[in-house]
Structure formats: structure tokens, C-alpha cells
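Colleague: Got a file for you: my_file_29.cif, mmCIF, C-alpha atoms.
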data_run
#
loop_
_atom_site.label_atom_id
_atom_site.label_comp_id
_atom_site.auth_asym_id
_atom_site.auth_seq_id
_atom_site.Cartn_x
_atom_site.Cartn_y
_atom_site.Cartn_z
CA MET Z 1 -12.07 42.35 43.12
CA PHE Z 2 -14.21 44.19 40.59
CA ASP Z 3 -12.86 44.10 37.03
CA ALA Z 4 -13.48 46.23 33.98
CA CYS Z 5 -16.16 43.86 32.59
CA GLY Z 6 -18.30 44.35 35.68
CA ASP Z 7 -17.59 40.80 36.86
CA TYR Z 8 -16.13 39.63 40.14
CA LEU Z 9 -13.37 37.14 40.65
CA TYR Z 10 -14.23 34.14 42.77
CA LEU Z 11 -12.04 31.40 44.19
CA ALA Z 12 -13.50 27.90 44.32
CA LYS Z 13 -11.84 25.37 46.63
CA ILE Z 14 -12.80 21.83 45.73
CA THR Z 15 -12.07 18.53 47.43
CA VAL Z 16 -12.58 15.24 45.63
CA THR Z 17 -12.53 12.07 47.73
CA THR Z 18 -13.01 8.40 47.06
CA ARG Z 19 -16.49 7.42 48.18
CA LYS Z 20 -16.60 6.28 51.82
CA SER Z 21 -17.79 2.79 50.90
CA ILE Z 22 -14.70 2.21 48.73
CA LEU Z 23 -11.39 1.10 50.19
CA ASP Z 24 -8.71 3.79 49.79
CA PRO Z 25 -5.40 1.91 49.54
CA GLN Z 26 -3.30 5.10 49.73
CA GLY Z 27 -5.03 6.27 52.89
CA LYS Z 28 -4.58 2.84 54.41
CA ALA Z 29 -0.81 2.84 53.67
CA VAL Z 30 -0.41 6.33 55.14
CA HIS Z 31 -2.42 5.27 58.20
CA HIS Z 32 0.00 2.39 58.75
CA ALA Z 33 2.98 4.73 58.32
CA LEU Z 34 1.58 7.16 60.92
CA ALA Z 35 1.02 4.28 63.33
CA SER Z 36 4.61 3.14 62.82
CA LEU Z 37 5.78 6.67 63.70
CA GLY Z 38 4.16 6.10 67.06
CA MET Z 39 1.31 8.52 66.52
CA GLU Z 40 -1.69 7.46 68.52
CA GLY Z 41 -5.40 8.11 68.21
CA ILE Z 42 -5.60 8.30 64.39
CA VAL Z 43 -8.36 5.87 63.49
CA ASP Z 44 -8.66 6.43 59.74
CA VAL Z 45 -6.86 8.23 56.88
CA ARG Z 46 -8.33 8.96 53.49
CA ILE Z 47 -6.53 10.71 50.66
CA GLY Z 48 -8.22 12.86 48.05
CA LYS Z 49 -7.53 15.72 45.68
CA PHE Z 50 -7.64 19.45 46.34
CA ILE Z 51 -8.37 21.72 43.38
CA GLU Z 52 -8.55 25.52 43.21
CA MET Z 53 -10.26 27.36 40.37
CA LYS Z 54 -10.48 31.09 39.77
CA ILE Z 55 -13.78 32.06 38.18
CA ASP Z 56 -14.71 35.32 36.53
CA THR Z 57 -18.47 35.79 36.82
CA LYS Z 58 -21.20 38.07 38.18
CA THR Z 59 -22.53 36.41 41.32
CA THR Z 60 -21.57 33.90 43.98
CA HIS Z 61 -24.50 31.79 42.86
CA SER Z 62 -23.23 31.55 39.29
CA ALA Z 63 -19.68 30.79 40.53
CA GLU Z 64 -21.17 27.89 42.52
CA GLU Z 65 -23.09 26.64 39.50
CA ILE Z 66 -19.96 26.72 37.33
CA THR Z 67 -18.01 24.86 40.01
CA ARG Z 68 -20.71 22.21 40.41
CA GLU Z 69 -20.84 21.65 36.65
CA ALA Z 70 -17.03 21.34 36.45
CA CYS Z 71 -17.08 18.77 39.25
CA LYS Z 72 -19.84 16.73 37.63
CA LYS Z 73 -18.40 16.85 34.11
CA LEU Z 74 -14.71 16.32 34.80
CA LEU Z 75 -13.18 16.90 38.22
CA ALA Z 76 -14.90 13.98 39.99
CA ASN Z 77 -15.91 10.59 38.65
CA PRO Z 78 -19.41 9.93 40.01
CA VAL Z 79 -18.83 6.16 39.89
CA MET Z 80 -16.30 6.26 42.72
CA GLU Z 81 -15.80 9.81 43.98
CA ASP Z 82 -17.62 12.51 45.97
CA PHE Z 83 -16.90 16.21 45.80
CA ALA Z 84 -17.41 19.21 48.05
CA PHE Z 85 -16.53 22.86 47.48
CA SER Z 86 -16.64 26.39 48.82
CA VAL Z 87 -16.67 29.59 46.78
CA GLU Z 88 -15.44 32.97 48.02
CA GLU Z 89 -14.98 36.38 46.45
CA VAL Z 90 -11.37 37.45 46.08
CA MET A 1 -6.59 -14.01 6.63
CA PRO A 2 -9.36 -11.70 5.37
CA ASN A 3 -8.86 -8.00 5.41
CA MET A 4 -10.60 -5.61 7.77
CA LYS A 5 -9.82 -1.97 8.37
CA PHE A 6 -8.43 -1.22 11.81
CA GLY A 7 -7.84 2.24 13.26
CA VAL A 8 -5.50 2.68 16.23
CA VAL A 9 -6.11 5.96 18.05
CA VAL A 10 -3.01 7.90 19.08
CA PHE A 11 -3.39 10.19 22.10
CA PRO A 12 -0.50 12.27 23.46
CA GLY A 13 1.03 9.73 25.84
CA SER A 14 -0.15 6.56 24.09
CA ASN A 15 2.73 4.07 24.11
CA CYS A 16 1.24 0.77 22.92
CA ASP A 17 -0.14 2.20 19.69
CA HIS A 18 2.73 0.89 17.56
CA ASP A 19 2.53 -2.56 19.18
CA ALA A 20 -1.15 -2.84 18.29
CA TYR A 21 -0.52 -1.46 14.78
CA ASP A 22 2.34 -3.87 14.18
CA VAL A 23 0.43 -6.94 15.34
CA LEU A 24 -2.63 -6.14 13.23
CA LYS A 25 -0.69 -5.15 10.14
CA ARG A 26 2.25 -7.54 10.12
CA CYS A 27 1.02 -10.58 12.10
CA PHE A 28 -2.61 -10.52 10.91
CA GLY A 29 -2.15 -8.76 7.56
CA GLN A 30 -4.96 -6.32 8.23
CA GLU A 31 -5.27 -2.88 6.72
CA THR A 32 -4.35 -0.71 9.70
CA ARG A 33 -3.97 3.02 10.18
CA PHE A 34 -3.33 5.42 13.00
CA LEU A 35 -6.03 7.90 13.97
CA TRP A 36 -4.85 11.12 15.60
CA HIS A 37 -6.69 12.28 18.72
CA LYS A 38 -7.53 15.58 17.03
CA ASP A 39 -9.07 13.89 13.97
CA SER A 40 -12.77 14.41 13.47
CA SER A 41 -13.26 11.33 11.29
CA LEU A 42 -12.54 7.64 11.74
CA GLY A 43 -11.72 7.29 8.05
CA GLY A 44 -14.09 4.41 7.39
CA VAL A 45 -12.45 1.84 9.66
CA ASP A 46 -14.31 -1.32 10.77
CA VAL A 47 -12.68 -1.53 14.20
CA VAL A 48 -11.34 1.17 16.53
CA ILE A 49 -8.56 0.29 18.97
CA LEU A 50 -7.86 2.55 21.94
CA PRO A 51 -4.32 1.50 22.89
CA GLY A 52 -2.46 1.42 26.17
CA GLY A 53 -0.31 4.21 27.53
CA PHE A 54 -0.63 7.26 29.71
CA SER A 55 -2.84 9.59 27.69
CA TYR A 56 -2.43 13.22 28.78
CA GLY A 57 -0.03 12.04 31.49
CA ASP A 58 -2.91 10.34 33.32
CA TYR A 59 -3.56 13.75 34.89
CA LEU A 60 -6.60 14.06 37.16
CA ARG A 61 -7.65 10.40 36.55
CA CYS A 62 -6.52 7.85 33.97
CA GLY A 63 -8.46 8.50 30.79
CA ALA A 64 -10.40 11.47 32.21
CA ILE A 65 -8.96 14.02 29.80
CA ALA A 66 -8.56 11.74 26.77
CA ARG A 67 -12.28 11.10 26.76
CA PHE A 68 -12.83 14.73 25.75
CA SER A 69 -10.51 14.47 22.72
CA PRO A 70 -12.19 15.40 19.42
CA ILE A 71 -11.84 11.82 18.15
CA MET A 72 -13.76 10.43 21.13
CA LYS A 73 -16.93 12.14 19.90
CA GLU A 74 -16.57 10.08 16.70
CA VAL A 75 -15.72 6.92 18.64
CA ALA A 76 -18.85 7.32 20.80
CA ALA A 77 -21.03 7.87 17.72
CA PHE A 78 -19.40 4.88 15.98
CA ALA A 79 -20.02 2.69 19.06
CA GLY A 80 -23.61 3.94 19.16
CA ARG A 81 -24.10 2.70 15.59
CA GLY A 82 -22.80 -0.72 16.60
CA GLY A 83 -19.19 -0.17 15.51
CA VAL A 84 -16.59 -2.44 17.08
CA VAL A 85 -14.40 -0.72 19.68
CA MET A 86 -11.67 -2.31 21.76
CA GLY A 87 -9.89 -0.56 24.63
CA ILE A 88 -6.66 -1.99 25.96
CA CYS A 89 -5.33 -0.90 29.39
CA ASN A 90 -5.44 2.92 29.21
CA GLY A 91 -7.98 2.43 26.40
CA PHE A 92 -10.21 0.50 28.82
CA GLN A 93 -9.87 3.33 31.35
CA ILE A 94 -10.84 5.87 28.66
CA LEU A 95 -13.92 3.81 27.69
CA CYS A 96 -15.05 3.75 31.33
CA GLU A 97 -14.46 7.49 31.76
CA ALA A 98 -16.43 8.08 28.56
CA GLY A 99 -19.32 6.02 29.88
CA LEU A 100 -19.07 3.57 26.96
CA LEU A 101 -18.34 0.84 29.52
CA PRO A 102 -19.57 0.73 33.13
CA GLY A 103 -17.33 1.09 36.18
CA ALA A 104 -14.15 2.96 37.07
CA PHE A 105 -10.55 2.36 38.10
CA LEU A 106 -8.81 2.81 41.45
CA ARG A 107 -5.16 2.59 42.40
CA ASN A 108 -3.93 -0.99 42.58
CA GLU A 109 -4.76 -2.37 46.02
CA ARG A 110 -1.09 -2.88 46.89
CA LEU A 111 -0.24 0.57 45.46
CA ASN A 112 2.54 -0.73 43.20
CA PHE A 113 2.75 -0.65 39.43
CA VAL A 114 2.46 -4.26 38.29
CA CYS A 115 4.27 -5.42 35.16
CA ASP A 116 3.93 -9.18 34.89
CA PHE A 117 2.29 -12.07 33.13
CA VAL A 118 -1.15 -13.03 34.43
CA ASN A 119 -3.54 -15.88 33.74
CA LEU A 120 -6.93 -14.94 32.37
CA ARG A 121 -9.96 -17.20 32.32
CA VAL A 122 -12.30 -16.75 29.38
CA GLU A 123 -15.73 -16.34 30.98
CA ASN A 124 -17.82 -16.00 27.83
CA ALA A 125 -16.65 -17.33 24.45
CA ALA A 126 -19.87 -16.45 22.63
CA THR A 127 -18.81 -12.89 21.81
CA ARG A 128 -17.09 -11.29 18.83
CA PHE A 129 -14.02 -10.66 21.00
CA THR A 130 -13.64 -14.22 22.29
CA GLY A 131 -15.08 -16.43 19.54
CA ALA A 132 -11.70 -18.06 18.83
CA CYS A 133 -11.49 -19.22 22.48
CA GLU A 134 -13.40 -21.80 24.47
CA LYS A 135 -15.19 -20.91 27.65
CA GLY A 136 -12.83 -21.70 30.54
CA ASP A 137 -9.66 -21.34 28.43
CA VAL A 138 -6.77 -19.86 30.36
CA LEU A 139 -4.81 -17.23 28.41
CA ARG A 140 -1.41 -16.03 29.52
CA ILE A 141 -1.08 -12.32 28.77
CA PRO A 142 0.99 -9.52 30.35
CA ILE A 143 -0.34 -6.60 32.37
CA ALA A 144 1.41 -3.29 33.03
CA HIS A 145 -0.56 -0.80 35.10
CA GLY A 146 -0.73 1.11 38.37
CA GLU A 147 -4.45 1.82 38.25
CA GLY A 148 -6.16 -1.36 37.14
CA ASN A 149 -8.29 -1.93 40.21
CA TYR A 150 -11.69 -2.27 38.55
CA TYR A 151 -14.59 -0.95 40.58
CA ALA A 152 -18.31 -1.12 39.95
CA ASP A 153 -21.15 -1.08 42.46
CA ASP A 154 -23.01 -4.28 43.39
CA ARG A 155 -25.89 -3.67 41.01
CA THR A 156 -23.59 -3.08 38.04
CA LEU A 157 -21.58 -6.20 38.87
CA GLU A 158 -24.76 -8.25 39.01
CA THR A 159 -25.87 -6.93 35.62
CA LEU A 160 -22.46 -7.67 34.09
CA GLU A 161 -22.53 -11.17 35.51
CA ASN A 162 -26.11 -11.96 34.48
CA ASN A 163 -25.65 -10.69 30.92
CA GLY A 164 -22.38 -12.53 30.32
CA GLN A 165 -20.57 -9.20 30.00
CA ILE A 166 -17.59 -10.31 32.06
CA LEU A 167 -15.19 -11.68 29.44
CA PHE A 168 -11.96 -12.22 31.37
CA ARG A 169 -11.09 -12.86 35.01
CA TYR A 170 -7.67 -13.04 36.65
CA CYS A 171 -7.12 -16.66 37.67
CA GLU A 172 -4.56 -19.28 38.67
CA ALA A 173 -2.84 -21.37 35.99
CA ASP A 174 -5.50 -24.06 36.47
CA GLY A 175 -8.29 -21.56 35.94
CA SER A 176 -9.42 -21.25 39.55
CA ILE A 177 -10.40 -17.74 40.64
CA THR A 178 -8.53 -16.82 43.81
CA ALA A 179 -7.61 -13.67 45.73
CA SER A 180 -3.91 -14.37 45.18
CA SER A 181 -4.31 -14.42 41.39
CA ASN A 182 -5.88 -10.95 41.48
CA PRO A 183 -2.97 -8.57 40.74
CA ASN A 184 -4.68 -5.28 41.53
CA GLY A 185 -7.72 -5.78 43.77
CA SER A 186 -10.30 -5.63 40.95
CA ARG A 187 -13.77 -6.52 42.12
CA SER A 188 -14.70 -10.07 41.28
CA ASN A 189 -11.23 -10.54 39.65
CA ILE A 190 -12.49 -8.66 36.57
CA ALA A 191 -9.88 -8.11 33.83
CA GLY A 192 -12.12 -7.43 30.82
CA ILE A 193 -15.76 -6.57 30.14
CA LEU A 194 -18.20 -6.05 27.29
CA ASN A 195 -20.93 -3.42 26.93
CA GLY A 196 -24.58 -4.41 26.86
CA ALA A 197 -24.83 -4.28 23.06
CA GLY A 198 -21.77 -6.52 22.64
CA ASN A 199 -19.71 -4.20 20.41
CA VAL A 200 -17.48 -2.37 22.91
CA MET A 201 -14.88 -4.26 24.93
CA GLY A 202 -12.21 -3.22 27.39
CA LEU A 203 -9.45 -5.22 29.04
CA MET A 204 -6.53 -4.29 31.27
CA PRO A 205 -4.05 -6.95 30.01
CA HIS A 206 -2.12 -6.35 26.76
CA PRO A 207 -3.03 -8.92 24.07
CA GLU A 208 -0.86 -7.04 21.54
CA ARG A 209 2.20 -8.00 23.62
CA ALA A 210 1.38 -11.69 23.28
CA SER A 211 0.43 -12.06 19.62
CA ASP A 212 3.62 -12.22 17.56
CA PRO A 213 4.80 -15.85 17.15
CA MET A 214 8.36 -14.55 17.45
CA LEU A 215 7.61 -13.92 21.13
CA ARG A 216 6.50 -17.55 21.54
CA ASN A 217 3.20 -16.62 23.09
CA THR A 218 0.21 -15.97 20.86
CA ASP A 219 -2.54 -16.21 23.49
CA GLY A 220 -3.36 -12.53 22.98
CA GLY A 221 -3.68 -13.09 19.24
CA LYS A 222 -6.83 -15.16 19.90
CA ILE A 223 -8.62 -11.95 20.83
CA PHE A 224 -7.66 -10.15 17.61
CA ARG A 225 -8.43 -13.26 15.57
CA SER A 226 -11.88 -13.45 17.18
CA VAL A 227 -12.61 -9.87 16.12
CA ILE A 228 -11.41 -10.41 12.54
CA GLU A 229 -13.31 -13.68 12.11
CA SER A 230 -16.52 -12.26 13.57
CA LEU A 231 -16.44 -9.34 11.14
CA VAL A 232 -15.82 -11.61 8.17
CA MET A 233 -18.73 -13.84 9.17
CA LYS A 234 -20.94 -10.79 9.45
CA GLU A 235 -19.88 -9.68 5.98
CA GLN A 236 -20.61 -13.11 4.51
CA ILE A 237 -24.04 -13.15 6.13
CA THR A 238 -24.73 -9.70 4.70
CA ASP A 239 -23.65 -10.90 1.25
CA LEU A 240 -26.02 -13.87 1.44
CA SER A 241 -28.94 -11.68 2.37
CA ILE A 242 -28.28 -9.46 -0.65
CA SER A 243 -28.13 -12.35 -3.11
#
Starting from the file, give its structure as C-alpha cells.

Modeller:
Amino acid sequence: MFDACGDYLYLAKITVTTRKSILDPQGKAVHHALASLGMEGIVDVRIGKFIEMKIDTKTTHSAEEITREACKKLLANPVMEDFAFSVEEV
Amino acid sequence: MPNMKFGVVVFPGSNCDHDAYDVLKRCFGQETRFLWHKDSSLGGVDVVILPGGFSYGDYLRCGAIARFSPIMKEVAAFAGRGGVVMGICNGFQILCEAGLLPGAFLRNERLNFVCDFVNLRVENAATRFTGACEKGDVLRIPIAHGEGNYYADDRTLETLENNGQILFRYCEADGSITASSNPNGSRSNIAGILNGAGNVMGLMPHPERASDPMLRNTDGGKIFRSVIESLVMKEQITDLSIS
């Protein structure tokens, strides 16, 4: 979508997860619950956060840079979390 | 008891601010004031307390949003100049998020909110926060948190251990460190730590809830007394050097 300022609107989809090396107690509890429902074949469950951000900027590259900065500064804690994201024009 | 100036920071969602204020002012007779999270000055206090609670609703992560409050810029600068800062529970989480203390917090291992008395072993009594204790003392102080599971990587833990920065560990009544005395899954049973420079401390338990003699448990008061006495000693030493 092209707006009056000449910028595009981008949608960033971000996932933040507890680092693999760290035990995720929530995931473990949900894993147990799934097993008690009789569901088979699930070997691991990990729970994270899903965040969407709408960004008004000129290029996909700059939308990615803004998203990366937001993740590093606030959305993920680098001590214990990893993040991944995708950016698409909307 | 000599008089020091304490500032208790109030964030939206703080709920132990009045407890800390009351203990310092009424039980210890210290000049104490509240500092609003939007303030841009610490008003000349000697000690900053970041109290317990659920600042900003604990949204995103505990302490993650509070650390960007205007007052935290002043707190960081104050800590950088050697100012004494103490974070209790949510205050400890804020200090970690702000990078003023190492590590981070995960959900309690057993996922439940724990509100109970715990035993804490004093690991290092040669600090300004523990000077009124003996090494190995067992303090009985309450905890109340859902995300007190302290995490730091192996290298950080080793540094904390080697520098004597681990101040309190969850323990049994006899002081032994066991898995069953660990209420939240914290690595190495850690309940409270100190920064490298020795002026910033965080602990998950609530010493302000175990300080008033009326409550018949003043174990937590030893921590506040340590801070007050250390500051007075420092002042006396400064006076001597002037004369």
C-alpha cells in the first residue's frame, strides 16, 4: 500500500523463543498435557511469543533494519532469548 | 540510627513501594522519599530502592518496559558514579533488564507463583549490603514471585562466584544448599547478587516484609541496616580525610 508520504506499509512478523539450551518449563508442561491427551509422536514443545508490527518506511531493507533494532533493544532479551522475523509489504 | 537519604522509585504497578518506605522511615528513622518514574532527578538521595511489584503489568518481560522509564536513565548514571542501588523482586528484574546486573529471569520452574518464607544463606558478608550479617548466616525472608528463576550462562556464573558477587542463596534451615530448598529453579540457588563494583544489588526475596519488629521477624532489616551503617562509615572516613 502506497501512502501519501511516498512510503510503503510493511508487516513484520516476529517470533521470540527461549534459547534452545534453556529449559522451557511452560513447553514442558504443555508437552505433558498433550501426552496425557493420548497424542503420540510429539517429542518436544517450546513456547514463545509472536509479535506483529506495522512499519511505515521506504524499503523492505529499512523495514528489516527497524525490526532487527526493535528486537535487539526491547522485544527479545539477548541473555535468554532468540528472535526471528519476516517482513512483507501490505 | 544515623540519617541517610533514601529514594524509593514508584513505577506504575509497583506495590511494595510503601512497605519499603515505611520500613526505612518509621523502623530505621531514615529520611525517605518517593521518586516518580517520570522524574528526571533523584533529588540528592544517597540510596535508590527499586521496589517490588508488577511494573507496567510485567508486559513483554518483567522489568523490560520499566527499564526505559525516564528515571532509569538517572539511576544508571547514579550507579555509574558509584551510587548505592538496591532492587527488590521486580526491582531486581528491572536491574537485570537494564544491564546494571548480569543475568535474566525465567518463569518459575514449577510454573506456579510462590508466596512463602524461604531460608537464605549469606554467601558474602564483606559487602555494604550484608555487613551486619555473618557469612553463613541463615535469614528467613518471604518471597512472592512467578518469575524468579534466575538464569545466567556458565561464564557469568563463574565470574559471580569467583568475585564473591553471589550474596544470597536459597537453602535449608540448617544452611545446606539443596534442590528442594530452591523455590523457583534459579541456577545455583541464587537469590541475590551484587554488581562487579559492589554498589548495585538485587534480590528476589522481600527484606522489607521482614523488618518491622511488630512482625516478629527482623531478618530482612539486617540488609537495610548494613546499607545504612556502610554509608555512615564511609562518611566518617571522608570526614577524617578532610580534617

Colleague: Measure the distance from atom CA of A:Leu194 to atom CA of A:Leu60 in Å and round it to one decimal.

Modeller: 25.2 Å

Colleague: Residues around (-6.9, 11.3, 44.2), cut-off 12 Å, counting only C-alpha atoms - what are they as a VMD selection string?

Modeller: (chain Z and resid 15 to 19 24 to 27 46 to 51 75 to 77 80 to 83) or (chain A and resid 58 to 62 105 to 107 147)

Colleague: Could you give me, as JSON lines, a per-residue list for chain A showing, wherever an atom lies at most 8 Å from an atom of chain Z, the closest pair of atoms and their distance in Å to one decimal, using all atoms listed in the file and sorting by chain then residue number from low to high?

Modeller:
{"residue": "A:Leu60", "atom": "CA", "partner": "Z:Leu75", "partner_atom": "CA", "distance": 7.2}
{"residue": "A:Ala64", "atom": "CA", "partner": "Z:Leu74", "partner_atom": "CA", "distance": 7.0}
{"residue": "A:Ile65", "atom": "CA", "partner": "Z:Leu74", "partner_atom": "CA", "distance": 8.0}
{"residue": "A:Glu97", "atom": "CA", "partner": "Z:Asn77", "partner_atom": "CA", "distance": 7.7}
{"residue": "A:Gly103", "atom": "CA", "partner": "Z:Val79", "partner_atom": "CA", "distance": 6.5}
{"residue": "A:Ala104", "atom": "CA", "partner": "Z:Val79", "partner_atom": "CA", "distance": 6.3}
{"residue": "A:Arg107", "atom": "CA", "partner": "Z:Pro25", "partner_atom": "CA", "distance": 7.2}
{"residue": "A:Asn108", "atom": "CA", "partner": "Z:Pro25", "partner_atom": "CA", "distance": 7.7}
{"residue": "A:Glu109", "atom": "CA", "partner": "Z:Pro25", "partner_atom": "CA", "distance": 5.6}
{"residue": "A:Arg110", "atom": "CA", "partner": "Z:Pro25", "partner_atom": "CA", "distance": 7.0}
{"residue": "A:Leu111", "atom": "CA", "partner": "Z:Pro25", "partner_atom": "CA", "distance": 6.7}
{"residue": "A:Tyr151", "atom": "CA", "partner": "Z:Met80", "partner_atom": "CA", "distance": 7.7}
{"residue": "A:Ala152", "atom": "CA", "partner": "Z:Val79", "partner_atom": "CA", "distance": 7.3}

Colleague: Could you give me, as a list of chain:residue names, the residues within 8 Å of Z:Phe85, counting only C-alpha atoms and dropping anything in the same chain fewer than 3 positions from it?

Modeller: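 These residues fall inside the cut-off: Z:Ala12, Z:Lys13, Z:Ile14, Z:Thr15, Z:Thr67.
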
Colleague: With the file shown as input, list the residues that the PyMOL selection byres ((chain A and resi 101) around 10) selects, as a list in words.

Modeller: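 Answer for the PyMOL selection byres ((chain A and resi 101) around 10): Gly87, Phe92, Gln93, Ile94, Leu95, Cys96, Glu97, Ala98, Gly99, Leu100, Pro102, Gly103, Ala104, Ile193, Leu194, Asn195, Gly196, Val200, Met201 and Gly202 of chain A.
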
Colleague: For the PyMOL selection byres ((chain A and resi 40-53) around 9), applied here, can you spell out every residue it catches as number ranges by chain?

Modeller: A: 4-11, 13-20, 32-33, 35-39, 54-55, 57-58, 70-75, 78, 83-92, 94-95, 204, 206, 227, 231

Colleague: Can you work out which one of A:Ile177, A:Ala144, A:Cys171, A:Cys133 has the shortest atom-to-atom distance to A:Leu120, counting only C-alpha atoms?

Modeller: A:Cys171

Colleague: To one decimal place, how far is atom CA of A:Phe113 from atom CA of A:Pro183 in Å?

Modeller: 9.9 Å

Colleague: Just say which residues the PyMOL selection byres ((chain A and resi 137-142) around 6) picks in this file, as an mmCIF file with C-alpha atoms, in the frame of the given file.

Modeller:
data_model
loop_
_atom_site.group_PDB
_atom_site.id
_atom_site.type_symbol
_atom_site.label_atom_id
_atom_site.label_comp_id
_atom_site.auth_asym_id
_atom_site.auth_seq_id
_atom_site.Cartn_x
_atom_site.Cartn_y
_atom_site.Cartn_z
ATOM 1 C CA ASP A 116 3.930 -9.180 34.890
ATOM 2 C CA PHE A 117 2.290 -12.070 33.130
ATOM 3 C CA VAL A 118 -1.150 -13.030 34.430
ATOM 4 C CA ASN A 119 -3.540 -15.880 33.740
ATOM 5 C CA LEU A 120 -6.930 -14.940 32.370
ATOM 6 C CA ARG A 121 -9.960 -17.200 32.320
ATOM 7 C CA VAL A 122 -12.300 -16.750 29.380
ATOM 8 C CA GLU A 134 -13.400 -21.800 24.470
ATOM 9 C CA LYS A 135 -15.190 -20.910 27.650
ATOM 10 C CA GLY A 136 -12.830 -21.700 30.540
ATOM 11 C CA ILE A 143 -0.340 -6.600 32.370
ATOM 12 C CA PRO A 205 -4.050 -6.950 30.010
ATOM 13 C CA HIS A 206 -2.120 -6.350 26.760
ATOM 14 C CA ASP A 219 -2.540 -16.210 23.490
#

Colleague: Could you state the separation of atom CA of A:Ser230 and atom CA of A:Asn163 in Å, given to one decimal place?

Modeller: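 Here the two named atoms are 19.7 Å from each other.
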
Colleague: I'd like the box whose edges run along x, y and z of the file and which contains every listed atom of stretch 71-77 of chain A, padded by 6 Å per side; could you state its centre and edge lengths in Å, one decimal, as JSON?

Modeller:
{"center_x": -16.4, "center_y": 9.5, "center_z": 18.9, "size_x": 21.2, "size_y": 17.2, "size_z": 16.4}
